[in-house]
$ cat input-v6.pdb   # PDB, N, CA and C atoms and all ligand atoms
MODEL        1
ATOM      1  N   MET A 103     102.888 -65.548  15.356  1.00  0.00           N
ATOM      2  CA  MET A 103     103.936 -65.383  16.351  1.00  0.00           C
ATOM      3  C   MET A 103     103.300 -65.335  17.736  1.00  0.00           C
ATOM      4  N   ARG A 104     103.977 -65.975  18.673  1.00  0.00           N
ATOM      5  CA  ARG A 104     103.485 -65.929  20.053  1.00  0.00           C
ATOM      6  C   ARG A 104     104.482 -65.211  20.929  1.00  0.00           C
ATOM      7  N   LEU A 105     103.924 -64.571  21.903  1.00  0.00           N
ATOM      8  CA  LEU A 105     104.727 -63.672  22.703  1.00  0.00           C
ATOM      9  C   LEU A 105     104.346 -63.846  24.162  1.00  0.00           C
ATOM     10  N   VAL A 106     105.357 -63.945  24.993  1.00  0.00           N
ATOM     11  CA  VAL A 106     105.097 -63.980  26.431  1.00  0.00           C
ATOM     12  C   VAL A 106     106.013 -62.983  27.106  1.00  0.00           C
ATOM     13  N   VAL A 107     105.470 -62.204  27.988  1.00  0.00           N
ATOM     14  CA  VAL A 107     106.296 -61.324  28.798  1.00  0.00           C
ATOM     15  C   VAL A 107     106.222 -61.826  30.232  1.00  0.00           C
ATOM     16  N   ASP A 108     107.372 -62.071  30.795  1.00  0.00           N
ATOM     17  CA  ASP A 108     107.435 -62.453  32.198  1.00  0.00           C
ATOM     18  C   ASP A 108     107.267 -61.190  33.040  1.00  0.00           C
ATOM     19  N   LEU A 109     106.056 -61.031  33.515  1.00  0.00           N
ATOM     20  CA  LEU A 109     105.752 -59.779  34.209  1.00  0.00           C
ATOM     21  C   LEU A 109     106.403 -59.711  35.595  1.00  0.00           C
ATOM     22  N   ASN A 110     106.915 -60.837  36.040  1.00  0.00           N
ATOM     23  CA  ASN A 110     107.688 -60.782  37.285  1.00  0.00           C
ATOM     24  C   ASN A 110     109.059 -60.181  37.047  1.00  0.00           C
ATOM     25  N   LYS A 111     109.556 -60.380  35.837  1.00  0.00           N
ATOM     26  CA  LYS A 111     110.855 -59.798  35.501  1.00  0.00           C
ATOM     27  C   LYS A 111     110.723 -58.362  35.032  1.00  0.00           C
ATOM     28  N   CYS A 112     109.635 -58.115  34.332  1.00  0.00           N
ATOM     29  CA  CYS A 112     109.452 -56.801  33.714  1.00  0.00           C
ATOM     30  C   CYS A 112     109.550 -55.697  34.754  1.00  0.00           C
ATOM     31  N   GLN A 113     110.361 -54.708  34.440  1.00  0.00           N
ATOM     32  CA  GLN A 113     110.540 -53.595  35.374  1.00  0.00           C
ATOM     33  C   GLN A 113     109.866 -52.326  34.864  1.00  0.00           C
ATOM     34  N   GLY A 114     109.084 -52.489  33.822  1.00  0.00           N
ATOM     35  CA  GLY A 114     108.370 -51.327  33.310  1.00  0.00           C
ATOM     36  C   GLY A 114     109.259 -50.266  32.684  1.00  0.00           C
ATOM     37  N   TYR A 115     110.349 -50.715  32.065  1.00  0.00           N
ATOM     38  CA  TYR A 115     111.243 -49.750  31.432  1.00  0.00           C
ATOM     39  C   TYR A 115     110.662 -49.150  30.151  1.00  0.00           C
ATOM     40  N   ALA A 116     109.670 -49.852  29.613  1.00  0.00           N
ATOM     41  CA  ALA A 116     108.943 -49.349  28.443  1.00  0.00           C
ATOM     42  C   ALA A 116     109.758 -49.290  27.153  1.00  0.00           C
ATOM     43  N   GLN A 117     110.900 -49.951  27.132  1.00  0.00           N
ATOM     44  CA  GLN A 117     111.659 -50.016  25.879  1.00  0.00           C
ATOM     45  C   GLN A 117     110.822 -50.684  24.804  1.00  0.00           C
ATOM     46  N   CYS A 118     110.137 -51.736  25.214  1.00  0.00           N
ATOM     47  CA  CYS A 118     109.361 -52.503  24.234  1.00  0.00           C
ATOM     48  C   CYS A 118     108.207 -51.656  23.696  1.00  0.00           C
ATOM     49  N   ALA A 119     107.557 -50.907  24.581  1.00  0.00           N
ATOM     50  CA  ALA A 119     106.434 -50.078  24.144  1.00  0.00           C
ATOM     51  C   ALA A 119     106.905 -48.984  23.190  1.00  0.00           C
ATOM     52  N   PHE A 120     108.131 -48.559  23.391  1.00  0.00           N
ATOM     53  CA  PHE A 120     108.702 -47.543  22.521  1.00  0.00           C
ATOM     54  C   PHE A 120     109.042 -48.132  21.149  1.00  0.00           C
ATOM     55  N   LEU A 121     109.562 -49.354  21.158  1.00  0.00           N
ATOM     56  CA  LEU A 121     110.028 -49.964  19.906  1.00  0.00           C
ATOM     57  C   LEU A 121     108.920 -50.657  19.120  1.00  0.00           C
ATOM     58  N   ALA A 122     107.923 -51.162  19.820  1.00  0.00           N
ATOM     59  CA  ALA A 122     106.818 -51.845  19.139  1.00  0.00           C
ATOM     60  C   ALA A 122     105.493 -51.404  19.748  1.00  0.00           C
ATOM     61  N   PRO A 123     105.125 -50.170  19.496  1.00  0.00           N
ATOM     62  CA  PRO A 123     103.942 -49.596  20.171  1.00  0.00           C
ATOM     63  C   PRO A 123     102.621 -50.273  19.822  1.00  0.00           C
ATOM     64  N   ASP A 124     102.578 -51.015  18.714  1.00  0.00           N
ATOM     65  CA  ASP A 124     101.332 -51.710  18.390  1.00  0.00           C
ATOM     66  C   ASP A 124     101.198 -53.015  19.155  1.00  0.00           C
ATOM     67  N   VAL A 125     102.275 -53.439  19.755  1.00  0.00           N
ATOM     68  CA  VAL A 125     102.265 -54.720  20.459  1.00  0.00           C
ATOM     69  C   VAL A 125     102.307 -54.534  21.971  1.00  0.00           C
ATOM     70  N   PHE A 126     103.116 -53.577  22.415  1.00  0.00           N
ATOM     71  CA  PHE A 126     103.272 -53.349  23.844  1.00  0.00           C
ATOM     72  C   PHE A 126     102.764 -51.955  24.210  1.00  0.00           C
ATOM     73  N   ALA A 127     102.122 -51.867  25.341  1.00  0.00           N
ATOM     74  CA  ALA A 127     101.690 -50.558  25.809  1.00  0.00           C
ATOM     75  C   ALA A 127     101.814 -50.508  27.318  1.00  0.00           C
ATOM     76  N   MET A 128     102.271 -49.395  27.800  1.00  0.00           N
ATOM     77  CA  MET A 128     102.325 -49.225  29.239  1.00  0.00           C
ATOM     78  C   MET A 128     100.948 -48.813  29.723  1.00  0.00           C
ATOM     79  N   HIS A 129     100.573 -49.410  30.823  1.00  0.00           N
ATOM     80  CA  HIS A 129      99.297 -49.075  31.429  1.00  0.00           C
ATOM     81  C   HIS A 129      99.629 -48.513  32.799  1.00  0.00           C
ATOM     82  N   GLY A 130      99.584 -47.236  32.898  1.00  0.00           N
ATOM     83  CA  GLY A 130     100.088 -46.629  34.119  1.00  0.00           C
ATOM     84  C   GLY A 130     101.608 -46.655  34.077  1.00  0.00           C
ATOM     85  N   GLU A 131     102.230 -46.522  35.237  1.00  0.00           N
ATOM     86  CA  GLU A 131     103.681 -46.410  35.244  1.00  0.00           C
ATOM     87  C   GLU A 131     104.365 -47.747  35.199  1.00  0.00           C
ATOM     88  N   GLU A 132     103.709 -48.767  35.721  1.00  0.00           N
ATOM     89  CA  GLU A 132     104.449 -50.006  35.894  1.00  0.00           C
ATOM     90  C   GLU A 132     103.873 -51.210  35.212  1.00  0.00           C
ATOM     91  N   SER A 133     102.579 -51.188  34.865  1.00  0.00           N
ATOM     92  CA  SER A 133     102.094 -52.433  34.307  1.00  0.00           C
ATOM     93  C   SER A 133     102.090 -52.357  32.787  1.00  0.00           C
ATOM     94  N   LEU A 134     102.420 -53.481  32.244  1.00  0.00           N
ATOM     95  CA  LEU A 134     102.585 -53.582  30.801  1.00  0.00           C
ATOM     96  C   LEU A 134     101.440 -54.393  30.218  1.00  0.00           C
ATOM     97  N   LEU A 135     100.859 -53.880  29.157  1.00  0.00           N
ATOM     98  CA  LEU A 135      99.880 -54.644  28.401  1.00  0.00           C
ATOM     99  C   LEU A 135     100.542 -55.041  27.100  1.00  0.00           C
ATOM    100  N   TYR A 136     100.232 -56.224  26.616  1.00  0.00           N
ATOM    101  CA  TYR A 136     100.823 -56.627  25.343  1.00  0.00           C
ATOM    102  C   TYR A 136      99.906 -57.580  24.616  1.00  0.00           C
ATOM    103  N   ASP A 137     100.121 -57.667  23.338  1.00  0.00           N
ATOM    104  CA  ASP A 137      99.357 -58.564  22.490  1.00  0.00           C
ATOM    105  C   ASP A 137     100.119 -59.886  22.411  1.00  0.00           C
ATOM    106  N   PRO A 138      99.567 -60.967  22.957  1.00  0.00           N
ATOM    107  CA  PRO A 138     100.299 -62.233  22.965  1.00  0.00           C
ATOM    108  C   PRO A 138     100.388 -62.903  21.593  1.00  0.00           C
ATOM    109  N   ARG A 139      99.571 -62.457  20.646  1.00  0.00           N
ATOM    110  CA  ARG A 139      99.621 -63.037  19.296  1.00  0.00           C
ATOM    111  C   ARG A 139      99.746 -61.929  18.258  1.00  0.00           C
ATOM    112  N   PRO A 140     100.875 -61.267  18.228  1.00  0.00           N
ATOM    113  CA  PRO A 140     100.997 -60.152  17.283  1.00  0.00           C
ATOM    114  C   PRO A 140     101.036 -60.626  15.830  1.00  0.00           C
ATOM    115  N   GLU A 141     100.647 -59.744  14.958  1.00  0.00           N
ATOM    116  CA  GLU A 141     100.687 -60.030  13.522  1.00  0.00           C
ATOM    117  C   GLU A 141     102.133 -60.242  13.080  1.00  0.00           C
ATOM    118  N   ASP A 142     102.287 -61.018  12.032  1.00  0.00           N
ATOM    119  CA  ASP A 142     103.639 -61.299  11.552  1.00  0.00           C
ATOM    120  C   ASP A 142     104.379 -60.044  11.109  1.00  0.00           C
ATOM    121  N   GLU A 143     103.629 -59.062  10.666  1.00  0.00           N
ATOM    122  CA  GLU A 143     104.321 -57.845  10.215  1.00  0.00           C
ATOM    123  C   GLU A 143     104.974 -57.081  11.369  1.00  0.00           C
ATOM    124  N   GLN A 144     104.638 -57.488  12.589  1.00  0.00           N
ATOM    125  CA  GLN A 144     105.258 -56.864  13.759  1.00  0.00           C
ATOM    126  C   GLN A 144     106.567 -57.549  14.141  1.00  0.00           C
ATOM    127  N   ARG A 145     106.913 -58.586  13.393  1.00  0.00           N
ATOM    128  CA  ARG A 145     108.030 -59.429  13.811  1.00  0.00           C
ATOM    129  C   ARG A 145     109.321 -58.653  14.040  1.00  0.00           C
ATOM    130  N   GLU A 146     109.612 -57.768  13.099  1.00  0.00           N
ATOM    131  CA  GLU A 146     110.874 -57.049  13.220  1.00  0.00           C
ATOM    132  C   GLU A 146     110.889 -56.151  14.459  1.00  0.00           C
ATOM    133  N   ARG A 147     109.766 -55.512  14.684  1.00  0.00           N
ATOM    134  CA  ARG A 147     109.670 -54.642  15.861  1.00  0.00           C
ATOM    135  C   ARG A 147     109.736 -55.442  17.147  1.00  0.00           C
ATOM    136  N   VAL A 148     109.044 -56.574  17.133  1.00  0.00           N
ATOM    137  CA  VAL A 148     109.075 -57.421  18.320  1.00  0.00           C
ATOM    138  C   VAL A 148     110.507 -57.890  18.577  1.00  0.00           C
ATOM    139  N   ALA A 149     111.208 -58.244  17.497  1.00  0.00           N
ATOM    140  CA  ALA A 149     112.596 -58.684  17.659  1.00  0.00           C
ATOM    141  C   ALA A 149     113.440 -57.584  18.294  1.00  0.00           C
ATOM    142  N   ARG A 150     113.197 -56.364  17.872  1.00  0.00           N
ATOM    143  CA  ARG A 150     113.948 -55.252  18.480  1.00  0.00           C
ATOM    144  C   ARG A 150     113.580 -55.075  19.938  1.00  0.00           C
ATOM    145  N   ALA A 151     112.303 -55.230  20.242  1.00  0.00           N
ATOM    146  CA  ALA A 151     111.857 -55.090  21.628  1.00  0.00           C
ATOM    147  C   ALA A 151     112.468 -56.185  22.496  1.00  0.00           C
ATOM    148  N   VAL A 152     112.494 -57.414  21.973  1.00  0.00           N
ATOM    149  CA  VAL A 152     113.100 -58.526  22.718  1.00  0.00           C
ATOM    150  C   VAL A 152     114.556 -58.208  23.012  1.00  0.00           C
ATOM    151  N   ALA A 153     115.254 -57.702  22.000  1.00  0.00           N
ATOM    152  CA  ALA A 153     116.672 -57.405  22.169  1.00  0.00           C
ATOM    153  C   ALA A 153     116.888 -56.231  23.119  1.00  0.00           C
ATOM    154  N   ALA A 154     115.937 -55.322  23.138  1.00  0.00           N
ATOM    155  CA  ALA A 154     116.142 -54.091  23.908  1.00  0.00           C
ATOM    156  C   ALA A 154     115.725 -54.223  25.365  1.00  0.00           C
ATOM    157  N   CYS A 155     114.912 -55.196  25.679  1.00  0.00           N
ATOM    158  CA  CYS A 155     114.432 -55.308  27.056  1.00  0.00           C
ATOM    159  C   CYS A 155     115.620 -55.525  27.993  1.00  0.00           C
ATOM    160  N   PRO A 156     115.805 -54.642  28.934  1.00  0.00           N
ATOM    161  CA  PRO A 156     116.993 -54.721  29.785  1.00  0.00           C
ATOM    162  C   PRO A 156     116.996 -55.933  30.709  1.00  0.00           C
ATOM    163  N   VAL A 157     115.842 -56.526  30.935  1.00  0.00           N
ATOM    164  CA  VAL A 157     115.812 -57.672  31.847  1.00  0.00           C
ATOM    165  C   VAL A 157     115.407 -58.969  31.133  1.00  0.00           C
ATOM    166  N   GLN A 158     115.442 -58.952  29.812  1.00  0.00           N
ATOM    167  CA  GLN A 158     115.086 -60.145  29.014  1.00  0.00           C
ATOM    168  C   GLN A 158     113.768 -60.763  29.461  1.00  0.00           C
ATOM    169  N   ALA A 159     112.772 -59.930  29.617  1.00  0.00           N
ATOM    170  CA  ALA A 159     111.484 -60.419  30.089  1.00  0.00           C
ATOM    171  C   ALA A 159     110.609 -60.927  28.942  1.00  0.00           C
ATOM    172  N   ILE A 160     110.999 -60.621  27.709  1.00  0.00           N
ATOM    173  CA  ILE A 160     110.134 -60.957  26.573  1.00  0.00           C
ATOM    174  C   ILE A 160     110.640 -62.215  25.881  1.00  0.00           C
ATOM    175  N   THR A 161     109.737 -63.159  25.720  1.00  0.00           N
ATOM    176  CA  THR A 161     110.053 -64.363  24.964  1.00  0.00           C
ATOM    177  C   THR A 161     109.119 -64.405  23.773  1.00  0.00           C
ATOM    178  N   ALA A 162     109.673 -64.529  22.604  1.00  0.00           N
ATOM    179  CA  ALA A 162     108.833 -64.592  21.415  1.00  0.00           C
ATOM    180  C   ALA A 162     109.132 -65.872  20.662  1.00  0.00           C
ATOM    181  N   ASP A 163     108.070 -66.503  20.256  1.00  0.00           N
ATOM    182  CA  ASP A 163     108.129 -67.739  19.511  1.00  0.00           C
ATOM    183  C   ASP A 163     108.064 -67.408  18.041  1.00  0.00           C
ATOM    184  N   GLY A 164     108.857 -68.084  17.250  1.00  0.00           N
ATOM    185  CA  GLY A 164     108.715 -67.922  15.814  1.00  0.00           C
ATOM    186  C   GLY A 164     109.289 -66.630  15.285  1.00  0.00           C
ATOM    187  N   LEU A 165     110.243 -66.066  16.015  1.00  0.00           N
ATOM    188  CA  LEU A 165     110.891 -64.862  15.497  1.00  0.00           C
ATOM    189  C   LEU A 165     111.814 -65.203  14.354  1.00  0.00           C
ATOM    190  N   ASP A 166     112.777 -66.111  14.623  1.00  0.00           N
ATOM    191  CA  ASP A 166     113.620 -66.549  13.502  1.00  0.00           C
ATOM    192  C   ASP A 166     113.106 -67.860  12.971  1.00  0.00           C
ATOM    193  N   ARG A 167     112.297 -68.526  13.811  1.00  0.00           N
ATOM    194  CA  ARG A 167     111.924 -69.879  13.434  1.00  0.00           C
ATOM    195  C   ARG A 167     111.124 -69.918  12.146  1.00  0.00           C
ATOM    196  N   ALA A 168     110.272 -68.943  11.944  1.00  0.00           N
ATOM    197  CA  ALA A 168     109.489 -68.929  10.707  1.00  0.00           C
ATOM    198  C   ALA A 168     110.436 -68.961   9.512  1.00  0.00           C
ATOM    199  N   GLY A 169     111.433 -68.099   9.557  1.00  0.00           N
ATOM    200  CA  GLY A 169     112.407 -68.059   8.478  1.00  0.00           C
ATOM    201  C   GLY A 169     113.198 -69.342   8.409  1.00  0.00           C
ATOM    202  N   ALA A 170     113.603 -69.841   9.583  1.00  0.00           N
ATOM    203  CA  ALA A 170     114.460 -71.018   9.629  1.00  0.00           C
ATOM    204  C   ALA A 170     113.744 -72.246   9.078  1.00  0.00           C
ATOM    205  N   SER A 171     112.470 -72.422   9.464  1.00  0.00           N
ATOM    206  CA  SER A 171     111.790 -73.629   9.001  1.00  0.00           C
ATOM    207  C   SER A 171     111.514 -73.535   7.506  1.00  0.00           C
ATOM    208  N   GLN A 172     111.309 -72.333   7.047  1.00  0.00           N
ATOM    209  CA  GLN A 172     111.131 -72.168   5.606  1.00  0.00           C
ATOM    210  C   GLN A 172     112.385 -72.573   4.859  1.00  0.00           C
ATOM    211  N   GLU A 173     113.527 -72.106   5.373  1.00  0.00           N
ATOM    212  CA  GLU A 173     114.778 -72.481   4.735  1.00  0.00           C
ATOM    213  C   GLU A 173     114.973 -73.975   4.749  1.00  0.00           C
ATOM    214  N   ALA A 174     114.628 -74.600   5.896  1.00  0.00           N
ATOM    215  CA  ALA A 174     114.857 -76.023   6.031  1.00  0.00           C
ATOM    216  C   ALA A 174     114.034 -76.825   5.026  1.00  0.00           C
ATOM    217  N   SER A 175     112.806 -76.389   4.778  1.00  0.00           N
ATOM    218  CA  SER A 175     111.959 -77.165   3.884  1.00  0.00           C
ATOM    219  C   SER A 175     112.129 -76.715   2.437  1.00  0.00           C
ATOM    220  N   ASP A 176     112.975 -75.720   2.257  1.00  0.00           N
ATOM    221  CA  ASP A 176     113.107 -75.111   0.944  1.00  0.00           C
ATOM    222  C   ASP A 176     114.572 -75.140   0.523  1.00  0.00           C
ATOM    223  N   VAL A 177     115.131 -76.344   0.570  1.00  0.00           N
ATOM    224  CA  VAL A 177     116.560 -76.481   0.276  1.00  0.00           C
ATOM    225  C   VAL A 177     116.785 -76.370  -1.233  1.00  0.00           C
ATOM    226  N   ARG A 178     117.710 -75.491  -1.568  1.00  0.00           N
ATOM    227  CA  ARG A 178     117.969 -75.313  -3.000  1.00  0.00           C
ATOM    228  C   ARG A 178     119.286 -75.896  -3.435  1.00  0.00           C
TER     229      ARG A 178
HETATM  230  S1  LIG B 201     111.236 -53.532  27.882  1.00  0.00           S
HETATM  231 FE1  LIG B 201     111.149 -55.294  29.228  1.00  0.00          FE
HETATM  232  S2  LIG B 201     111.174 -54.450  31.276  1.00  0.00           S
HETATM  233 FE2  LIG B 201     110.640 -52.805  29.879  1.00  0.00          FE
HETATM  234  S3  LIG B 201     108.417 -52.742  29.846  1.00  0.00           S
HETATM  235 FE3  LIG B 201     109.089 -54.033  28.159  1.00  0.00          FE
HETATM  236  S4  LIG B 201     109.100 -56.098  28.976  1.00  0.00           S
HETATM  237 FE4  LIG B 201     109.056 -54.708  30.702  1.00  0.00          FE
ENDMDL
END

$ encode --input "input-v6.pdb" --output "structure tokens"
Amino acid sequence: MRLVVDLNKCQGYAQCAFLAPDVFAMHGEESLLYDPRPEDEQRERVARAVAACPVQAITADGLDRAGASQEASDVR
């Protein structure tokens, strides 16, 4: 999974750090550190963080896509 946070949008609300502490961490009051390639097991937490960010600063690749492409190639 790939993750990008638009730090120009990010207002340091720390919702993401609260919801996915292994992926996002506040560094000081305003700057955010994050793991741009989180493990797949973080997917659910990352999804919650994406949904919770008040300014939609987080973009994650392959959140539903992993599931979706699997379904597509695995037609029953
Ligand atoms: S929730 Fe959004 S605004 Fe808040 S720290 Fe995370 S990325 Fe920044």

$ closest_atom_pairs --input "input-v6.pdb" --of "chain A" --to "ligand LIG 201 (chain B)" --cutoff "6 Å" --atoms "only N, CA and C atoms and all ligand atoms" --output "tab-separated table"
residue	atom	partner	partner_atom	distance
A:Val107	CA	B:LIG201	S4	5.9
A:Lys111	C	B:LIG201	S2	5.4
A:Cys112	CA	B:LIG201	FE4	3.7
A:Gln113	N	B:LIG201	S2	3.3
A:Gly114	CA	B:LIG201	S3	3.7
A:Tyr115	N	B:LIG201	FE2	3.0
A:Ala116	N	B:LIG201	FE2	3.1
A:Gln117	N	B:LIG201	S1	3.7
A:Cys118	N	B:LIG201	S1	3.4
A:Ala119	N	B:LIG201	FE3	5.0
A:Leu134	CA	B:LIG201	S3	6.0
A:Ala154	C	B:LIG201	S1	5.2
A:Cys155	CA	B:LIG201	S1	3.7
A:Pro156	N	B:LIG201	FE1	4.7
A:Val157	N	B:LIG201	S2	5.1
A:Gln158	N	B:LIG201	FE1	5.7
A:Ala159	N	B:LIG201	FE1	4.9
A:Ile160	N	B:LIG201	S4	5.1

$ select_by_dssp --input "input-v6.pdb" --residues "region 112-178 of chain A" --states "strand (DSSP E)" --output "list in words"
Phe126, Ala127, Met128, His129, Ser133, Leu134, Leu135, Tyr136, Ile160, Thr161, Ala162 and Asp163 of chain A

$ resolve_selection --input "input-v6.pdb" --expression "the PyMOL selection byres (((chain A and resi 121) around 8) and not hetatm)" --output "PyMOL selection string"
chain A and resi 116-120+122-126+146-148+150-151

$ resolve_selection --input "input-v6.pdb" --expression "the PyMOL selection byres (((chain A and resi 137) around 6.5) and not hetatm)" --output "JSON, numbers by chain"
{"A": [105, 124, 125, 126, 127, 135, 136, 138, 139, 140]}

$ closest_residue --input "input-v6.pdb" --among "A:Asp163, A:Glu143, A:Ala149, A:Glu132" --to "Asn110 (chain A)" --atoms "only C-alpha atoms"
A:Glu132

$ build_atoms --input "input-v6.pdb" --residues "region 159-168 of chain A" --atoms "all heavy atoms" --output "CSV table (one decimal), keeping the file's coordinate frame"
chain,number,residue,atom,x,y,z
A,159,ALA,N,112.8,-59.9,29.6
A,159,ALA,CA,111.5,-60.4,30.1
A,159,ALA,C,110.6,-60.9,28.9
A,159,ALA,O,109.6,-61.6,29.2
A,159,ALA,CB,110.8,-59.3,30.8
A,160,ILE,N,111.0,-60.6,27.7
A,160,ILE,CA,110.1,-61.0,26.6
A,160,ILE,C,110.6,-62.2,25.9
A,160,ILE,O,111.8,-62.3,25.5
A,160,ILE,CB,110.1,-59.8,25.5
A,160,ILE,CG1,109.8,-58.5,26.2
A,160,ILE,CG2,109.1,-60.1,24.5
A,160,ILE,CD1,110.0,-57.3,25.3
A,161,THR,N,109.7,-63.2,25.7
A,161,THR,CA,110.1,-64.4,25.0
A,161,THR,C,109.1,-64.4,23.8
A,161,THR,O,107.9,-64.3,23.9
A,161,THR,CB,109.8,-65.6,25.8
A,161,THR,OG1,110.4,-65.4,27.1
A,161,THR,CG2,110.4,-66.8,25.2
A,162,ALA,N,109.7,-64.5,22.6
A,162,ALA,CA,108.8,-64.6,21.4
A,162,ALA,C,109.1,-65.9,20.7
A,162,ALA,O,110.3,-66.3,20.5
A,162,ALA,CB,109.1,-63.4,20.5
A,163,ASP,N,108.1,-66.5,20.3
A,163,ASP,CA,108.1,-67.7,19.5
A,163,ASP,C,108.1,-67.4,18.0
A,163,ASP,O,107.3,-66.6,17.7
A,163,ASP,CB,106.9,-68.5,19.9
A,163,ASP,CG,107.2,-69.9,20.2
A,163,ASP,OD1,108.4,-70.2,20.6
A,163,ASP,OD2,106.3,-70.8,20.2
A,164,GLY,N,108.9,-68.1,17.2
A,164,GLY,CA,108.7,-67.9,15.8
A,164,GLY,C,109.3,-66.6,15.3
A,164,GLY,O,108.9,-66.2,14.2
A,165,LEU,N,110.2,-66.1,16.0
A,165,LEU,CA,110.9,-64.9,15.5
A,165,LEU,C,111.8,-65.2,14.4
A,165,LEU,O,111.7,-64.7,13.3
A,165,LEU,CB,111.7,-64.2,16.6
A,165,LEU,CG,111.0,-63.1,17.4
A,165,LEU,CD1,112.0,-62.4,18.3
A,165,LEU,CD2,110.3,-62.1,16.5
A,166,ASP,N,112.8,-66.1,14.6
A,166,ASP,CA,113.6,-66.5,13.5
A,166,ASP,C,113.1,-67.9,13.0
A,166,ASP,O,113.4,-68.2,11.9
A,166,ASP,CB,115.1,-66.8,13.9
A,166,ASP,CG,115.4,-66.1,15.2
A,166,ASP,OD1,115.6,-64.8,15.1
A,166,ASP,OD2,115.5,-66.7,16.2
A,167,ARG,N,112.3,-68.5,13.8
A,167,ARG,CA,111.9,-69.9,13.4
A,167,ARG,C,111.1,-69.9,12.1
A,167,ARG,O,111.3,-70.8,11.4
A,167,ARG,CB,111.1,-70.5,14.6
A,167,ARG,CG,111.7,-71.9,14.8
A,167,ARG,CD,110.9,-72.6,15.8
A,167,ARG,NE,111.2,-72.2,17.2
A,167,ARG,CZ,110.3,-72.4,18.2
A,167,ARG,NH1,109.2,-73.1,18.0
A,167,ARG,NH2,110.6,-72.0,19.4
A,168,ALA,N,110.3,-68.9,11.9
A,168,ALA,CA,109.5,-68.9,10.7
A,168,ALA,C,110.4,-69.0,9.5
A,168,ALA,O,110.3,-69.8,8.6
A,168,ALA,CB,108.6,-67.7,10.7
